[in-house]
Amino acid sequence: MAHEPDAPILSLRGVSKSFGGVKALTDVSLDLVPGTVVALVGDNGAGKSTLVKTMAGVIRPDRGDYFFEGRKVHHSGPAEVAAMGVQTVYQDLALCNNLDAVQNLYLGREEVGPWWTGFRLKRARAERRSKDVLRRMRLDSIALDRNVGAMSGGQRQNIAIARSILWEPKVVLLDEPTAALSHSAAAQVGKLVRDLAGQGLAVLVISHDIHHFVLDNTDRIEVLRLGRNAAGFDSSDVTGEQVVNAMVGGNEAINAAG
Amino acid sequence: MRPDDRERGAMSTHSVNPPQPVSLSRRGLRERLGSELSFVPVALGLVALFVFFAAESDVFLTSRNLNNLLVQATVTGIIALGLVFVLLVGEIDLSVAATSGIASVLMAKLVVDADLPIPLAVLSGVLSGVAIGAASGRWITLIGVPSFVVTLGVGLVLNGIQLLLLPNTGRYNLLNTGVERLAATYVSGLAAWLLVLSGIVAIACLRLADLRDRKAEGLPTSLLGSVVTPTALIGGAMIAILLFLEGQRGLPMPVILFALLLGVMAYLAGQTRFGLHLYAIGANAEAARRAGIKVERIKIAAFAIAGGMAAFGGILAASRILGVSVSSGGGVGGGALLLESIAAAVIGGVSLFGGRGRVVGALFGALIIATVSNGLNLMGVANEARLIVTGLLLIVAVSIDRGIEKAASHG
Ligand SMILES: Nc1ncnc2c1ncn2[C@@H]1O[C@H](COP(=O)(O)OP(=O)(O)OP(=O)(O)O)[C@@H](O)[C@H]1O
Ligand SMILES: [Mg+2]
């Protein structure tokens, strides 16, 4: 590939997005580089999820450019972005409660028989592969034929994460993947995230757990405030205080309040 | 690289841990009652009704009466069968009765006025239903308006057109046109047995193919649970019905057609990608969209299926009552036919909230409604009581539906 190893695989440049009167994003830029984990942090409503949805192709920005592997892309929607190798764990998980784990893992990518079978689902293979991936995530306790609607919040979150890594992605976007997880399960996800980067994937993860999850597991920290790029740090030479100050506006905010 | 290899790589650090046994905790009964067993309560209700009416009337369990009952259930059942698809994606079609009416009038007009061969006329009628459904579906997905309002309007428009299509006498007579044979043909003897047996073989083959696939992937299998039991249950029911009706004149054609359509639709909804996407959209349309599913297209297809099935149901009804008139398709607004079709689907466990229920529910729901009406009739209860009971059944069914929906979203 003509693409250089250290060059960003996915970049957004000057992205803006409004919902009616609400400016969710204003002139935001972001780079994801293969082999690195980027944390996207910011206060509630800072625009993090909107940015992730823009990268996932779910939201079409009002302005700004989308670059993938160095080329400007005009995608047609989430399916095309996923086909390029960008997988997303949404904050709302985007699971279908009436379907079981296997059906959710394979949703939209089902293996089917030929047309004369009416595209009959090939359940057995999907079930075996799902079983494999869940076992490797040490999620053996999840019954594959249970409806995800009947699962716990953490199990559902794990299903959504498993779905994102099932398909050989190049980029993984995780919107608060640890929100519903126990401490040990969150550490597990942190490890998974570092493993994925170790494999050469570009990873973006949103988390509010700055002091533990973010500082321990990421390489870069990008801060969004009120829909704008507020700051960027290397995770290795920043303290949790500095990051939090950048999130809430630091001294200015305190001064303004006082 | 295959996905498995990638996972193995990504997860390599975890695989040093001893693998835990795969949990055997299967889905609980409550969960299964909400999905693949959703028709069980209604099937039990049907048995209870049979016991009750058999005790109240000597005629009820005779083969002649059961024949009548089954044929009565077919028209409602076929319309309900199509309606299930629309309900699964979380929409509703209130124009199905009107569609059945206009399709039957169109078919009759083509046969009587234009002398078209019957198969062509029937096909035109069915296709008109498909087109009506697809058009409603397109409009609903394009504009984003609630389907119950749009299809209510479409139904009235169709009622008007139906009146325009009818001649001044307000009726097309179909006696001796050949159309009546659609409903009046009986299949008996060897042919009937072959039909039933081929149905059983088809079910067994599908089940066996699944079993073979699972074996090939090293997944746990159960010959008894996944092949023998379901095949024996369905096959047993089919043979029982055959034996009952053999005493009369054999299998009535409407019942055969209903069974065929039921099989095809159950396969479509339960075994294919299209079917899975119906359920996905009904539960979470936005998740389906993000997964790359063409939500609009599938909704339009669901409406088209409902329209086509409604049209065929109407044509079958016209063949049975030997004509079409102002009151074909339940009259203005769809009347009892519309309500009974919706009731059949809902009583059969298909949720009005989308994403829950099975196609076979339409069969059980239609049988319940036909049994109530047939049984009350035999007991000499007047028509108005029948309407009241059917209405109450519908209310009870949607209330149960709401209860399950609540339980599912809170659990
Ligand atoms: N679909 C939408 N319609 C209208 N407004 C929206 C929509 N999505 C997001 N917004 C608005 O855009 C802003 C940013 O929302 P976003 O979900 O991106 O925040 P976030 O940083 O992910 O917050 P949180 O930490 O709470 O998840 C908010 O003010 C929100 O109200
Ligand atoms: Mg968010």
# chains A, B, ... in the order shown; residues from 1 in each chain; ligands from 1

call {"tool": "residues_near_ligand", "arguments": {"ligand": "ligand 2", "cutoff": "12 Å", "atoms": "only C-alpha atoms and all ligand atoms", "output": "compact mmCIF listing (two decimals) with N, CA, C and O atoms, in the first residue's frame"}}
result
# COMPACT_ATOMS: atom_id res chain seq x y z
N ALA A 24 -23.70 21.00 17.78
CA ALA A 24 -23.08 19.86 18.46
C ALA A 24 -21.59 19.83 18.19
O ALA A 24 -20.79 19.52 19.07
N LEU A 40 -11.18 9.93 23.53
CA LEU A 40 -11.94 11.14 23.27
C LEU A 40 -12.71 11.45 24.54
O LEU A 40 -13.53 10.65 24.99
N VAL A 41 -12.36 12.60 25.16
CA VAL A 41 -13.01 12.93 26.43
C VAL A 41 -13.68 14.28 26.33
O VAL A 41 -13.39 15.09 25.44
N GLY A 42 -14.58 14.53 27.26
CA GLY A 42 -15.32 15.78 27.28
C GLY A 42 -16.51 15.63 28.19
O GLY A 42 -16.92 14.51 28.50
N ASP A 43 -17.06 16.78 28.58
CA ASP A 43 -18.20 16.76 29.49
C ASP A 43 -19.42 16.19 28.77
O ASP A 43 -19.41 16.02 27.55
N ASN A 44 -20.48 15.93 29.53
CA ASN A 44 -21.72 15.48 28.91
C ASN A 44 -22.20 16.52 27.92
O ASN A 44 -22.22 17.71 28.22
N GLY A 45 -22.57 16.07 26.72
CA GLY A 45 -23.05 16.99 25.70
C GLY A 45 -21.96 17.71 24.95
O GLY A 45 -22.24 18.63 24.17
N ALA A 46 -20.69 17.32 25.16
CA ALA A 46 -19.58 18.00 24.50
C ALA A 46 -19.54 17.69 23.00
O ALA A 46 -18.88 18.40 22.23
N GLY A 47 -20.22 16.64 22.57
CA GLY A 47 -20.26 16.30 21.16
C GLY A 47 -19.51 15.03 20.82
O GLY A 47 -19.31 14.73 19.63
N LYS A 48 -19.10 14.27 21.82
CA LYS A 48 -18.30 13.06 21.57
C LYS A 48 -19.06 12.04 20.73
O LYS A 48 -18.53 11.54 19.72
N SER A 49 -20.27 11.74 21.15
CA SER A 49 -21.03 10.72 20.41
C SER A 49 -21.34 11.19 19.00
O SER A 49 -21.33 10.41 18.05
N THR A 50 -21.61 12.48 18.87
CA THR A 50 -21.88 13.01 17.54
C THR A 50 -20.66 12.84 16.64
O THR A 50 -20.78 12.48 15.47
N LEU A 51 -19.47 13.05 17.21
CA LEU A 51 -18.26 12.89 16.44
C LEU A 51 -18.06 11.42 16.03
O LEU A 51 -17.71 11.11 14.89
N VAL A 52 -18.31 10.51 16.98
CA VAL A 52 -18.17 9.08 16.66
C VAL A 52 -19.16 8.67 15.58
O VAL A 52 -18.82 7.95 14.64
N LYS A 53 -20.40 9.16 15.70
CA LYS A 53 -21.40 8.82 14.69
C LYS A 53 -21.02 9.38 13.33
O LYS A 53 -21.33 8.79 12.29
N VAL A 89 -18.82 0.66 18.35
CA VAL A 89 -19.69 0.30 19.48
C VAL A 89 -20.38 1.58 19.91
O VAL A 89 -19.73 2.49 20.40
N TYR A 90 -21.68 1.66 19.68
CA TYR A 90 -22.41 2.89 19.96
C TYR A 90 -22.74 2.98 21.44
O TYR A 90 -22.84 1.98 22.14
N GLN A 91 -22.91 4.24 21.87
CA GLN A 91 -23.26 4.45 23.28
C GLN A 91 -24.56 3.75 23.64
O GLN A 91 -24.69 3.18 24.71
N ASP A 92 -25.52 3.76 22.70
CA ASP A 92 -26.78 3.06 22.96
C ASP A 92 -26.70 1.59 22.56
O ASP A 92 -27.71 0.89 22.56
N LEU A 93 -25.53 1.13 22.17
CA LEU A 93 -25.22 -0.25 21.82
C LEU A 93 -25.82 -0.73 20.50
O LEU A 93 -25.28 -1.59 19.84
N LEU A 174 -15.13 3.09 19.98
CA LEU A 174 -15.90 2.60 21.13
C LEU A 174 -16.45 3.77 21.93
O LEU A 174 -15.68 4.53 22.53
N ASP A 175 -17.78 3.93 21.92
CA ASP A 175 -18.41 5.04 22.63
C ASP A 175 -18.83 4.57 24.03
O ASP A 175 -19.81 3.88 24.19
N GLU A 176 -18.05 4.94 25.02
CA GLU A 176 -18.27 4.54 26.41
C GLU A 176 -18.50 3.04 26.56
O GLU A 176 -19.54 2.61 27.06
N PRO A 177 -17.52 2.24 26.16
CA PRO A 177 -17.71 0.78 26.19
C PRO A 177 -17.69 0.21 27.60
O PRO A 177 -18.09 -0.93 27.80
N ALA A 179 -19.06 1.80 30.38
CA ALA A 179 -20.00 2.49 31.28
C ALA A 179 -20.74 1.52 32.18
O ALA A 179 -20.97 1.80 33.35
N VAL A 205 -11.54 5.54 21.77
CA VAL A 205 -12.42 5.11 22.86
C VAL A 205 -12.85 6.33 23.67
O VAL A 205 -12.04 7.22 23.95
N ILE A 206 -14.15 6.38 23.95
CA ILE A 206 -14.69 7.45 24.77
C ILE A 206 -14.86 6.90 26.18
O ILE A 206 -15.33 5.78 26.36
N SER A 207 -14.42 7.68 27.17
CA SER A 207 -14.61 7.24 28.55
C SER A 207 -14.64 8.45 29.46
O SER A 207 -14.01 9.47 29.19
N HIS A 208 -15.40 8.35 30.53
CA HIS A 208 -15.41 9.40 31.54
C HIS A 208 -14.45 9.05 32.68
O HIS A 208 -14.24 9.85 33.58
N LEU A 224 -12.75 17.40 23.88
CA LEU A 224 -13.79 18.21 23.24
C LEU A 224 -14.46 19.05 24.32
O LEU A 224 -14.73 18.57 25.42
N GLY A 227 -18.36 21.22 21.83
CA GLY A 227 -18.35 20.92 20.41
C GLY A 227 -17.12 21.40 19.66
O GLY A 227 -17.12 21.41 18.43

call {"tool": "interface_residues", "arguments": {"of": "chain A", "to": "chain B", "cutoff": "7 Å", "atoms": "only C-alpha atoms", "output": "PyMOL selection string"}}
result
chain A and resi 58+78-79+94-98+107-108+118-121+124-125+128-129+133+136-137+140-143+145-146+150+166-168+195-196+199

call {"tool": "atom_distance", "arguments": {"atom1": "CA of Leu194 (chain B)", "atom2": "CA of Arg64 (chain B)"}}
result
22.3 Å

call {"tool": "residues_around", "arguments": {"residues": "Arg63 (chain A)", "least_positions_apart": "2", "cutoff": "7 Å", "atoms": "only C-alpha atoms", "output": "list of chain:residue names"}}
result
A:Val15, A:Ser16, A:Lys17, A:Pro61

call {"tool": "closest_residue", "arguments": {"among": "A:Asp219, A:Val81, A:Val28, A:Leu226", "to": "ligand 1", "atoms": "only C-alpha atoms and all ligand atoms"}}
result
A:Leu226
